[in-house]
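Student: Input file: upload_27.cif. Contents: mmCIF, C-alpha atoms.
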```
data_upload
loop_
_atom_site.label_atom_id
_atom_site.label_comp_id
_atom_site.auth_asym_id
_atom_site.auth_seq_id
_atom_site.Cartn_x
_atom_site.Cartn_y
_atom_site.Cartn_z
CA MET J 8 -26.28 5.02 -23.54
CA SER J 9 -28.66 7.30 -21.67
CA PRO J 10 -27.84 11.00 -21.71
CA ILE J 11 -27.10 12.93 -18.54
CA PRO J 12 -30.03 15.28 -17.81
CA GLY J 13 -29.48 18.65 -19.39
CA GLU J 14 -26.28 17.59 -21.14
CA GLY J 15 -27.51 16.04 -24.39
CA PRO J 16 -26.23 12.70 -25.68
CA LEU J 17 -22.76 11.48 -24.73
CA LEU J 18 -20.05 10.37 -27.10
CA PRO J 19 -21.38 7.02 -28.42
CA GLY J 20 -19.63 3.72 -27.77
CA PHE J 21 -17.86 4.88 -24.62
CA GLU J 22 -18.42 1.43 -23.06
CA ALA J 23 -15.72 0.12 -25.40
CA PHE J 24 -13.21 2.39 -23.63
CA ASP J 25 -13.50 0.11 -20.60
CA GLN J 26 -11.58 -2.46 -22.62
CA LEU J 27 -8.57 -0.16 -23.08
CA ALA J 28 -5.49 -0.13 -20.85
CA THR J 29 -5.21 3.67 -20.58
CA MET J 30 -7.23 6.07 -18.42
CA LEU J 31 -9.98 7.94 -20.30
CA ALA J 32 -12.68 10.46 -19.42
CA ILE J 33 -15.27 12.54 -21.27
CA VAL J 34 -15.37 16.03 -19.72
CA ARG J 35 -16.92 19.44 -20.14
CA PRO J 36 -14.69 22.41 -20.98
CA ASP J 37 -14.98 23.54 -17.35
CA GLY J 38 -13.57 20.16 -16.25
CA ARG J 39 -16.77 18.50 -15.08
CA CYS J 40 -16.48 14.75 -15.66
CA LEU J 41 -19.30 13.14 -17.64
CA ARG J 42 -17.88 9.62 -17.97
CA ALA J 43 -14.77 7.76 -16.77
CA ASN J 44 -13.54 4.34 -17.84
CA THR J 45 -12.70 1.39 -15.59
CA VAL J 46 -8.94 1.89 -15.68
CA LEU J 47 -9.31 5.45 -14.39
CA GLU J 48 -11.40 4.13 -11.51
CA ASP J 49 -8.81 1.50 -10.67
CA VAL J 50 -5.83 3.84 -10.81
CA THR J 51 -7.35 6.71 -8.85
CA GLY J 52 -9.07 4.43 -6.36
CA LEU J 53 -12.34 6.34 -6.80
CA SER J 54 -15.67 5.04 -8.02
CA ARG J 55 -17.15 6.25 -11.29
CA LYS J 56 -19.84 8.17 -9.39
CA ALA J 57 -17.22 9.88 -7.24
CA LEU J 58 -15.22 10.86 -10.34
CA GLN J 59 -18.33 12.27 -12.02
CA ARG J 60 -19.11 14.45 -9.01
CA GLY J 61 -15.88 16.44 -9.37
CA LEU J 62 -13.68 18.35 -11.78
CA VAL J 63 -10.93 16.54 -13.65
CA GLN J 64 -8.38 19.21 -12.82
CA ASP J 65 -8.86 18.34 -9.16
CA TRP J 66 -7.36 14.91 -9.89
CA MET J 67 -4.03 16.59 -10.60
CA VAL J 68 -1.48 17.76 -8.04
CA ASP J 69 -1.23 21.03 -10.02
CA PRO J 70 -4.70 21.62 -11.54
CA ARG J 71 -3.78 24.74 -13.54
CA ALA J 72 -2.12 22.98 -16.47
CA LEU J 73 -5.14 20.77 -17.12
CA ALA J 74 -7.62 23.64 -16.69
CA ASP J 75 -5.64 25.80 -19.16
CA THR J 76 -5.38 22.92 -21.66
CA LEU J 77 -9.13 22.20 -21.47
CA ARG J 78 -9.88 25.86 -22.15
CA ALA J 79 -7.41 26.04 -25.08
CA VAL J 80 -8.83 22.91 -26.74
CA ALA J 81 -12.44 23.98 -26.13
CA ASP J 82 -11.73 27.43 -27.64
CA ASN J 83 -10.15 25.74 -30.68
CA GLU J 84 -6.78 27.36 -30.01
CA VAL J 85 -5.37 23.84 -30.45
CA THR J 86 -7.07 20.61 -31.51
CA THR J 87 -4.97 18.54 -29.10
CA GLY J 88 -3.17 19.57 -25.93
CA ARG J 89 -0.43 17.57 -24.20
CA PHE J 90 1.55 17.95 -21.01
CA ASP J 91 3.12 15.90 -18.21
CA GLY J 92 1.74 16.07 -14.69
CA LEU J 93 1.13 14.23 -11.44
CA LEU J 94 -2.13 12.36 -10.89
CA GLN J 95 -3.41 12.06 -7.33
CA ARG J 96 -4.44 8.59 -6.18
CA ALA J 97 -6.22 7.30 -3.11
CA PRO J 98 -3.54 6.89 -0.37
CA ALA J 99 -4.21 3.16 0.03
CA LEU J 100 -3.42 2.47 -3.63
CA GLY J 101 -0.44 4.67 -4.25
CA SER J 102 3.11 4.34 -3.04
CA GLY J 103 4.65 7.10 -1.01
CA ASN J 104 2.52 10.22 -1.42
CA GLY J 105 0.15 8.54 -3.93
CA GLU J 106 1.24 10.66 -6.89
CA LEU J 107 1.54 9.03 -10.31
CA PRO J 108 3.49 10.68 -13.17
CA VAL J 109 1.24 10.76 -16.26
CA HIS J 110 1.23 12.16 -19.76
CA VAL J 111 -2.09 13.98 -20.33
CA ILE J 112 -3.71 14.32 -23.77
CA VAL J 113 -6.81 16.49 -24.26
CA THR J 114 -8.58 16.08 -27.61
CA GLN J 115 -11.62 17.59 -29.29
CA THR J 116 -14.56 15.31 -30.13
CA ASP J 117 -17.35 15.49 -32.71
CA TRP J 118 -19.86 16.15 -29.92
CA PRO J 119 -20.28 19.79 -28.86
CA GLY J 120 -19.10 20.65 -25.38
CA GLN J 121 -17.39 17.29 -24.81
CA LEU J 122 -13.63 16.75 -24.68
CA LEU J 123 -11.68 13.51 -24.40
CA VAL J 124 -9.00 13.35 -21.70
CA GLU J 125 -6.48 10.51 -21.84
CA LEU J 126 -3.91 9.87 -19.11
CA ILE J 127 -0.99 7.54 -19.79
CA GLU J 128 1.41 6.38 -17.10
CA ILE J 129 4.81 7.76 -18.05
CA GLU J 130 6.43 4.58 -16.74
CA GLN J 131 3.99 2.30 -18.58
CA GLN J 132 5.83 2.25 -21.89
CA THR J 133 9.15 1.85 -20.12
CA ARG J 134 7.70 -1.08 -18.18
CA LEU J 135 6.31 -2.72 -21.32
CA ASP J 136 9.66 -2.34 -23.06
CA ARG J 137 11.42 -3.83 -20.05
CA GLU J 138 9.01 -6.78 -19.95
CA GLU J 139 9.51 -7.42 -23.65
CA ARG J 140 13.28 -7.41 -23.20
CA THR J 141 12.93 -9.72 -20.19
CA LEU J 142 10.85 -12.22 -22.16
CA GLU J 143 13.31 -12.16 -25.05
CA GLN J 144 16.24 -12.58 -22.65
CA ALA J 145 14.49 -15.42 -20.83
CA GLN J 146 13.89 -17.24 -24.11
CA ALA J 147 17.52 -16.75 -25.13
CA ASN J 148 18.68 -17.93 -21.70
CA LYS J 149 16.48 -21.00 -21.93
CA GLU J 150 17.91 -22.01 -25.30
CA LEU J 151 21.45 -21.30 -24.12
CA VAL J 152 21.01 -23.34 -20.94
CA ARG J 153 19.46 -26.28 -22.76
CA ASN J 154 22.19 -26.38 -25.39
CA LEU J 155 24.98 -25.86 -22.88
CA ALA J 156 23.59 -28.48 -20.52
CA HIS J 157 23.46 -31.08 -23.27
CA GLU J 158 27.01 -30.22 -24.38
CA ILE J 159 28.25 -30.64 -20.80
CA LYS J 160 26.21 -33.77 -20.10
CA ASN J 161 27.61 -35.83 -22.97
CA PRO J 162 31.32 -35.77 -22.00
CA LEU J 163 30.61 -35.96 -18.25
CA GLY J 164 29.70 -39.64 -18.43
CA GLY J 165 32.95 -40.36 -20.27
CA ILE J 166 35.02 -38.41 -17.75
CA ARG J 167 33.44 -40.21 -14.80
CA GLY J 168 33.80 -43.63 -16.44
CA ALA J 169 37.43 -43.02 -17.32
CA ALA J 170 38.15 -41.93 -13.73
CA GLN J 171 36.59 -45.14 -12.41
CA LEU J 172 38.69 -47.27 -14.76
CA LEU J 173 41.81 -45.30 -13.88
CA GLN J 174 41.15 -45.85 -10.19
CA ASP J 175 41.60 -49.60 -10.66
CA GLU J 176 44.94 -49.15 -12.44
CA ILE J 177 46.80 -46.66 -10.26
CA PRO J 178 48.36 -47.05 -6.79
CA LYS J 179 45.94 -46.68 -3.90
CA ASP J 180 47.73 -43.60 -2.56
CA LEU J 181 46.72 -41.79 -5.76
CA GLY J 182 43.12 -42.92 -5.57
CA GLU J 183 42.04 -39.72 -3.84
CA TYR J 184 42.64 -37.81 -7.09
CA THR J 185 40.32 -40.03 -9.09
CA GLN J 186 37.76 -39.67 -6.29
CA VAL J 187 37.95 -35.89 -6.74
CA ILE J 188 37.27 -36.31 -10.46
CA ILE J 189 34.30 -38.62 -9.81
CA HIS J 190 32.89 -36.34 -7.10
CA GLU J 191 33.14 -33.22 -9.27
CA ALA J 192 31.65 -35.04 -12.27
CA ASP J 193 28.68 -36.05 -10.09
CA ARG J 194 28.31 -32.46 -8.85
CA LEU J 195 28.27 -31.14 -12.42
CA GLN J 196 25.78 -33.85 -13.41
CA ALA J 197 23.45 -32.71 -10.61
CA LEU J 198 23.76 -29.10 -11.79
CA VAL J 199 22.98 -30.09 -15.37
CA ASP J 200 19.94 -32.05 -14.20
CA ARG J 201 18.66 -28.97 -12.37
CA LEU J 202 19.17 -26.83 -15.47
CA LEU J 203 17.21 -29.28 -17.60
CA ALA J 204 14.50 -30.04 -15.03
CA PRO J 205 11.96 -27.37 -16.14
CA HIS J 206 12.12 -28.57 -19.73
CA ARG J 207 11.80 -32.27 -18.91
CA ARG J 208 8.90 -32.15 -16.48
CA PRO J 209 5.46 -32.25 -18.10
CA HIS J 210 3.10 -29.33 -17.48
CA VAL J 211 0.34 -30.81 -15.26
CA VAL J 212 -2.68 -28.50 -15.46
CA GLY J 213 -5.51 -28.40 -12.94
CA ASP J 214 -7.54 -25.96 -10.84
CA VAL J 215 -5.23 -23.85 -8.69
CA ASN J 216 -6.06 -21.85 -5.56
CA ILE J 217 -3.29 -19.30 -5.04
CA HIS J 218 -3.92 -19.11 -1.30
CA GLU J 219 -3.41 -22.84 -0.88
CA ILE J 220 -0.06 -22.37 -2.60
CA CYS J 221 0.83 -19.43 -0.35
CA GLU J 222 -0.12 -21.38 2.77
CA ARG J 223 1.98 -24.35 1.67
CA VAL J 224 5.02 -22.13 1.12
CA ARG J 225 4.40 -20.26 4.38
CA SER J 226 4.29 -23.53 6.37
CA LEU J 227 7.54 -24.74 4.75
CA VAL J 228 9.31 -21.48 5.53
CA LEU J 229 8.12 -21.39 9.14
CA ALA J 230 9.12 -25.02 9.62
CA GLU J 231 12.66 -24.05 8.64
CA PHE J 232 12.68 -20.82 10.66
CA PRO J 233 10.31 -21.28 13.63
CA ARG J 234 11.90 -18.36 15.50
CA GLY J 235 13.04 -14.92 14.42
CA LEU J 236 10.81 -14.73 11.33
CA ARG J 237 7.23 -13.49 11.01
CA ALA J 238 5.45 -14.77 7.89
CA LEU J 239 2.48 -12.43 7.39
CA ARG J 240 -0.60 -12.94 5.20
CA ASP J 241 -2.48 -10.23 3.31
CA TYR J 242 -4.91 -12.08 1.06
CA ASP J 243 -7.74 -11.01 -1.22
CA THR J 244 -9.99 -14.01 -0.73
CA SER J 245 -12.18 -13.06 -3.70
CA ILE J 246 -9.50 -14.19 -6.16
CA PRO J 247 -10.92 -17.10 -8.20
CA GLU J 248 -9.24 -20.37 -8.98
CA PHE J 249 -7.43 -20.62 -12.31
CA ARG J 250 -5.93 -23.34 -14.46
CA GLY J 251 -2.28 -24.04 -13.80
CA ASP J 252 0.40 -26.43 -12.60
CA ARG J 253 0.15 -26.41 -8.82
CA GLU J 254 3.56 -27.99 -8.18
CA GLN J 255 5.35 -25.61 -10.52
CA LEU J 256 3.75 -22.59 -8.86
CA ILE J 257 4.59 -23.89 -5.37
CA GLN J 258 8.20 -24.27 -6.50
CA ALA J 259 8.26 -20.79 -8.02
CA VAL J 260 6.89 -19.09 -4.90
CA LEU J 261 9.06 -21.25 -2.64
CA ASN J 262 12.22 -20.37 -4.56
CA ILE J 263 11.51 -16.65 -4.13
CA ALA J 264 10.62 -17.10 -0.44
CA GLN J 265 13.79 -19.11 0.19
CA ASN J 266 15.86 -16.41 -1.50
CA ALA J 267 14.22 -13.91 0.84
CA THR J 268 14.95 -15.96 3.97
CA GLN J 269 18.59 -16.31 2.94
CA ALA J 270 18.81 -12.52 2.59
CA LEU J 271 17.08 -12.16 5.98
CA ALA J 272 19.68 -14.22 7.86
CA GLU J 273 20.87 -11.32 10.03
CA ARG J 274 17.35 -10.12 10.80
CA ILE J 275 16.25 -13.68 11.65
CA ALA J 276 19.13 -13.87 14.10
CA ALA J 277 18.03 -10.51 15.54
CA GLY J 278 14.40 -11.69 15.71
CA ASP J 279 12.81 -8.97 13.56
CA ALA J 280 12.63 -10.58 10.09
CA GLU J 281 9.39 -10.28 8.14
CA LEU J 282 8.12 -12.06 5.05
CA VAL J 283 4.77 -10.92 3.61
CA LEU J 284 2.60 -12.85 1.15
CA ARG J 285 0.07 -10.47 -0.42
CA THR J 286 -2.51 -11.25 -3.11
CA ARG J 287 -4.54 -8.79 -5.15
CA VAL J 288 -6.54 -8.67 -8.39
CA ALA J 289 -5.12 -6.36 -11.05
CA ARG J 290 -7.44 -5.10 -13.79
CA GLN J 291 -6.75 -4.25 -17.42
CA VAL J 292 -3.17 -5.48 -17.18
CA THR J 293 -0.89 -5.45 -20.19
CA PHE J 294 2.19 -7.66 -20.26
CA GLY J 295 3.82 -9.92 -22.77
CA LYS J 296 2.28 -7.80 -25.59
CA GLN J 297 -1.18 -8.91 -24.47
CA ARG J 298 -3.90 -7.19 -22.46
CA PHE J 299 -5.79 -9.13 -19.81
CA ARG J 300 -8.99 -8.02 -18.13
CA LEU J 301 -8.00 -9.60 -14.82
CA ALA J 302 -4.71 -10.87 -13.42
CA LEU J 303 -3.48 -12.35 -10.18
CA GLU J 304 -0.94 -10.11 -8.46
CA LEU J 305 1.11 -11.95 -5.83
CA HIS J 306 3.64 -9.96 -3.81
CA ILE J 307 6.41 -11.69 -1.86
CA GLN J 308 7.95 -8.99 0.30
CA ASP J 309 10.77 -9.03 2.83
CA ASN J 310 12.53 -6.45 5.00
CA GLY J 311 16.03 -7.63 4.17
CA PRO J 312 19.01 -5.65 2.87
CA GLY J 313 17.80 -5.66 -0.73
CA VAL J 314 19.18 -7.13 -3.93
CA PRO J 315 22.79 -6.05 -4.53
CA GLU J 316 22.82 -3.26 -7.09
CA ALA J 317 25.54 -4.98 -9.12
CA ILE J 318 23.20 -7.88 -10.02
CA ARG J 319 19.80 -6.17 -9.78
CA ASP J 320 19.29 -6.21 -13.56
CA ARG J 321 20.49 -9.81 -13.88
CA ILE J 322 18.86 -11.65 -11.00
CA PHE J 323 16.74 -13.83 -13.29
CA HIS J 324 19.72 -14.86 -15.42
CA PRO J 325 20.97 -18.41 -14.82
CA LEU J 326 23.94 -18.90 -12.49
CA VAL J 327 23.73 -15.32 -11.13
CA SER J 328 23.66 -15.31 -7.33
CA GLY J 329 24.03 -12.64 -4.67
CA ARG J 330 25.35 -14.97 -1.98
CA GLU J 331 28.41 -17.11 -1.48
CA GLY J 332 27.80 -20.67 -2.61
CA GLY J 333 24.48 -19.91 -4.33
CA SER J 334 23.70 -21.82 -7.52
CA GLY J 335 21.89 -18.89 -9.16
CA LEU J 336 19.10 -21.16 -10.41
CA GLY J 337 16.25 -20.48 -7.97
CA LEU J 338 14.95 -17.29 -9.58
CA THR J 339 15.65 -18.58 -13.08
CA LEU J 340 13.45 -21.60 -12.43
CA ALA J 341 10.78 -19.42 -10.79
CA GLN J 342 10.69 -17.19 -13.86
CA THR J 343 10.48 -20.21 -16.17
CA PHE J 344 7.55 -21.70 -14.24
CA VAL J 345 5.66 -18.39 -14.13
CA GLN J 346 6.22 -17.78 -17.84
CA GLN J 347 4.80 -21.22 -18.56
CA HIS J 348 1.60 -19.80 -17.03
CA HIS J 349 1.78 -16.82 -19.44
CA GLY J 350 2.82 -14.61 -16.52
CA THR J 351 5.72 -12.39 -15.51
CA ILE J 352 7.84 -11.68 -12.44
CA GLU J 353 9.00 -8.19 -11.49
CA CYS J 354 11.36 -7.13 -8.72
CA ASP J 355 11.47 -3.84 -6.84
CA SER J 356 14.25 -3.67 -4.28
CA VAL J 357 15.69 -1.04 -1.96
CA PRO J 358 17.52 -1.57 1.34
CA GLY J 359 14.94 -2.68 3.89
CA ARG J 360 12.27 -3.63 1.37
CA THR J 361 12.33 -6.10 -1.51
CA VAL J 362 9.16 -7.07 -3.40
CA PHE J 363 8.88 -9.79 -6.02
CA LYS J 364 5.61 -9.42 -7.91
CA ILE J 365 4.14 -12.36 -9.83
CA LEU J 366 1.47 -11.55 -12.41
CA ILE J 367 -0.63 -14.39 -13.89
CA PRO J 368 -3.74 -13.95 -16.08
CA LEU J 369 -7.07 -14.91 -14.51
CA PRO J 370 -10.12 -16.27 -16.35
#
```
Turn this file's structure into structure tokens for me.
Tutor:
Amino acid sequence: MSPIPGEGPLLPGFEAFDQLATMLAIVRPDGRCLRANTVLEDVTGLSRKALQRGLVQDWMVDPRALADTLRAVADNEVTTGRFDGLLQRAPALGSGNGELPVHVIVTQTDWPGQLLVELIEIEQQTRLDREERTLEQAQANKELVRNLAHEIKNPLGGIRGAAQLLQDEIPKDLGEYTQVIIHEADRLQALVDRLLAPHRRPHVVGDVNIHEICERVRSLVLAEFPRGLRALRDYDTSIPEFRGDREQLIQAVLNIAQNATQALAERIAAGDAELVLRTRVARQVTFGKQRFRLALELHIQDNGPGVPEAIRDRIFHPLVSGREGGSGLGLTLAQTFVQQHHGTIECDSVPGRTVFKILIPLP
């Protein structure tokens, strides 16, 4: 690594910090940035050169805490300083006012006049814990559904067969009751088949273009709702193809989009419903206890009333539905298909804006 003129050599091996999932910078005691890693660039929305032209305390909403901590660590009053603050991000990348709550750690290094600043998203650990619980719950749900479906399936055939035999032995005016039994047995059989479908169908892997999938889903949605609904595109066309099951991913995205259109019923009738398909590349993403250098980030956003608060934490559980007559399987199947691609689904919902975010690792 070449030294910065007049500064002496930099902390060796800093290139390895680009492989970490937290934001890191090497700074002078006065706050001048000498080096910044890739994650810090991505989160702040500033290039490495732009970061190195300024002072690190200027990245914070309140710069005093960081300036005081840098001075205390540089003067050896403490070897490590910690505090919570708000990091400023480029407006296009942030939500709301672009401020990100972070935990800041300032540490001494073995190189004179160089301090290590680490910034950790306060919500990051909470998010990782939530994802881990979601994966565990999904696995438990999958086993429960498979076992329950098999337990239901076995006696259903006997019930239906007995009803058919009984129909031949009873007076015709009572035949409607056996027809009810047969009809309900068939309905339960169809439900069981849907529960078992993801586990029966083989995983067919090929090259997948996410925008072809989005366009297929968009055309299906618009065919069903030609008026009253705007289906908007916001694509990053630089996203590469990846290996996956095209049909499974179409079904996953379609299930989420159909859920959105059902929630948008009133807005469709009023003519101001919107569905947005947005693709982005996420860098240095950690989910499922693994870190990935690149990941596909697909947002499916609608301007509906939002997910009911009573079921917001359970929307991916089987048989949980927010509408009358819903089977509660659409999101469960979507989650199963995405997880089979080593990905995750997240949901952020408030009245007027619901976003389902699909994350899938990229090569």
Student: To one decimal place, how far is atom CA of J:Ala270 from atom CA of J:Val215 in Å?
Tutor: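 For atom CA of J:Ala270 relative to atom CA of J:Val215, the distance reads 28.9 Å.
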Student: List the neighbours of stretch 252-254 of chain J out to 9 Å using all atoms listed in the file; skip same-chain residues closer than 3 positions along the sequence, and give me the result as a list in words.
Tutor: His210, Val211, Val212, Gly213, Asp214, Val215, Asn216, Ile217, Ile220, Ile257, Gln258, Ala259, Phe344 and His348 of chain J
Student: Using all atoms listed in the file, pick whichever of J:Val187, J:Leu163, J:Ala169, J:Leu31 has the shortest atom-to-atom distance to J:Thr114.
Tutor: J:Leu31
Student: Do a neighbour search on J:Leu123 at 6 Å with only C-alpha atoms, toss out local chain neighbours closer than 3 positions, and write the hits as a ChimeraX atom specification.
Tutor: /J:32-33,113-114
Student: Just so the selection is clear, what residues does the PyMOL selection byres ((chain J and resi 352-363) around 7) cover here, as a list in words?
Tutor: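 Listing what the PyMOL selection byres ((chain J and resi 352-363) around 7) selects in the shown file: His306, Ile307, Gln308, Asp309, Asn310, Gly311, Pro312, Gly313, Val314, Gln342, Thr351, Lys364, Ile365 and Leu366 of chain J.
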Student: As a ChimeraX atom specification, please: the residues near J:Glu304 (cut-off 10 Å, only C-alpha atoms, same-chain neighbours under 6 positions excluded).
Tutor: /J:243,246,285-290,350-352,364-369
Student: Compare J:Leu271, J:Leu256, J:Met67, J:Ala192 by their minimum atom-to-atom distance to J:Leu236, counting all atoms listed in the file, and give me the closest one.
Tutor: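 Of all the options, J:Leu271 lies closest to J:Leu236.
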Student: Might you spell out which residues the PyMOL selection byres ((chain J and resi 52-59) around 10) would select in the displayed file, as number ranges by chain?
Tutor: J: 32-34, 39-51, 60-63, 65-66, 95-101
Student: Pull C-alpha atoms from the residues just selected and write them as a short mmCIF file (atom, residue, chain, number, x, y, z; two decimals), in the coordinates of the input.
Tutor:
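Result went into part-v3.cif, see below:
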```cif
data_model
loop_
_atom_site.label_atom_id
_atom_site.label_comp_id
_atom_site.auth_asym_id
_atom_site.auth_seq_id
_atom_site.Cartn_x
_atom_site.Cartn_y
_atom_site.Cartn_z
CA ALA J 32 -12.68 10.46 -19.42
CA ILE J 33 -15.27 12.54 -21.27
CA VAL J 34 -15.37 16.03 -19.72
CA ARG J 39 -16.77 18.50 -15.08
CA CYS J 40 -16.48 14.75 -15.66
CA LEU J 41 -19.30 13.14 -17.64
CA ARG J 42 -17.88 9.62 -17.97
CA ALA J 43 -14.77 7.76 -16.77
CA ASN J 44 -13.54 4.34 -17.84
CA THR J 45 -12.70 1.39 -15.59
CA VAL J 46 -8.94 1.89 -15.68
CA LEU J 47 -9.31 5.45 -14.39
CA GLU J 48 -11.40 4.13 -11.51
CA ASP J 49 -8.81 1.50 -10.67
CA VAL J 50 -5.83 3.84 -10.81
CA THR J 51 -7.35 6.71 -8.85
CA ARG J 60 -19.11 14.45 -9.01
CA GLY J 61 -15.88 16.44 -9.37
CA LEU J 62 -13.68 18.35 -11.78
CA VAL J 63 -10.93 16.54 -13.65
CA ASP J 65 -8.86 18.34 -9.16
CA TRP J 66 -7.36 14.91 -9.89
CA GLN J 95 -3.41 12.06 -7.33
CA ARG J 96 -4.44 8.59 -6.18
CA ALA J 97 -6.22 7.30 -3.11
CA PRO J 98 -3.54 6.89 -0.37
CA ALA J 99 -4.21 3.16 0.03
CA LEU J 100 -3.42 2.47 -3.63
CA GLY J 101 -0.44 4.67 -4.25
#
```
Student: Quick one: distance from atom CA of J:Leu93 to atom CA of J:Val124 in Å, one decimal?
Tutor: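 Atom CA of J:Val124 lies at a distance of 14.4 Å from atom CA of J:Leu93.
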Student: How many Å separate atom CA of J:Pro370 from atom CA of J:Phe249?
Tutor: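 Atom-to-atom, atom CA of J:Pro370 to atom CA of J:Phe249, that is 6.5 Å.
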Student: May I ask which of the residues J:Tyr184, J:Ile263, J:Ala277, J:Val68 is the closest one to J:Ala341, counting only C-alpha atoms?
Tutor: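 Checking each of J:Tyr184, J:Ile263, J:Ala277, J:Val68 against J:Ala341, counting only C-alpha atoms, the winner is J:Ile263.
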Student: Box in all listed atoms of stretch 55-65 of chain J, axis-aligned, with 6 Å more on each side; write out centre and edge lengths in Å to one decimal as AutoDock Vina command-line options.
Tutor:
```
--center_x -14.1 --center_y 12.7 --center_z -10.4 --size_x 23.5 --size_y 25.0 --size_z 18.4
```
Student: Closest to J:Ala72 among J:Glu106, J:Val111, J:Ala272, J:Leu227, using all atoms listed in the file?
Tutor: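 Residue with the minimum atom-to-atom distance to J:Ala72: J:Val111.
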Student: So, counting all atoms listed in the file, which residue among J:Gly168, J:Glu222, J:Asn83, J:Asp279 is closest to J:Ile189?
Tutor: J:Gly168
Student: So which residues fall inside 8 Å of (7.1, 11.7, -16.9) if we count only C-alpha atoms? Mind giving them as a PyMOL selection string?
Tutor: chain J and resi 91-92+108-110+128-130
Student: Generate a file of the selected residues that holds C-alpha atoms, formatted as a compact mmCIF listing (two decimals), in the coordinates of the input.
Tutor:
```
# COMPACT_ATOMS: atom_id res chain seq x y z
CA ASP J 91 3.12 15.90 -18.21
CA GLY J 92 1.74 16.07 -14.69
CA PRO J 108 3.49 10.68 -13.17
CA VAL J 109 1.24 10.76 -16.26
CA HIS J 110 1.23 12.16 -19.76
CA GLU J 128 1.41 6.38 -17.10
CA ILE J 129 4.81 7.76 -18.05
CA GLU J 130 6.43 4.58 -16.74
```
Student: Enumerate, as a ChimeraX atom specification, the protein, DNA and RNA residues whose atoms approach (-13.1, 22.5, -23.0) to within 12 Å, taking into account all atoms listed in the file and the coordinate frame of the file.
Tutor: /J:33-40,62-64,73-88,113-116,118-124
Student: So which one's closest to J:Gly251, J:Gln347, J:Gln265, J:Gln26, J:Gln171? Using all atoms listed in the file, please.
Tutor: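 The closest residue to J:Gly251 is J:Gln347.
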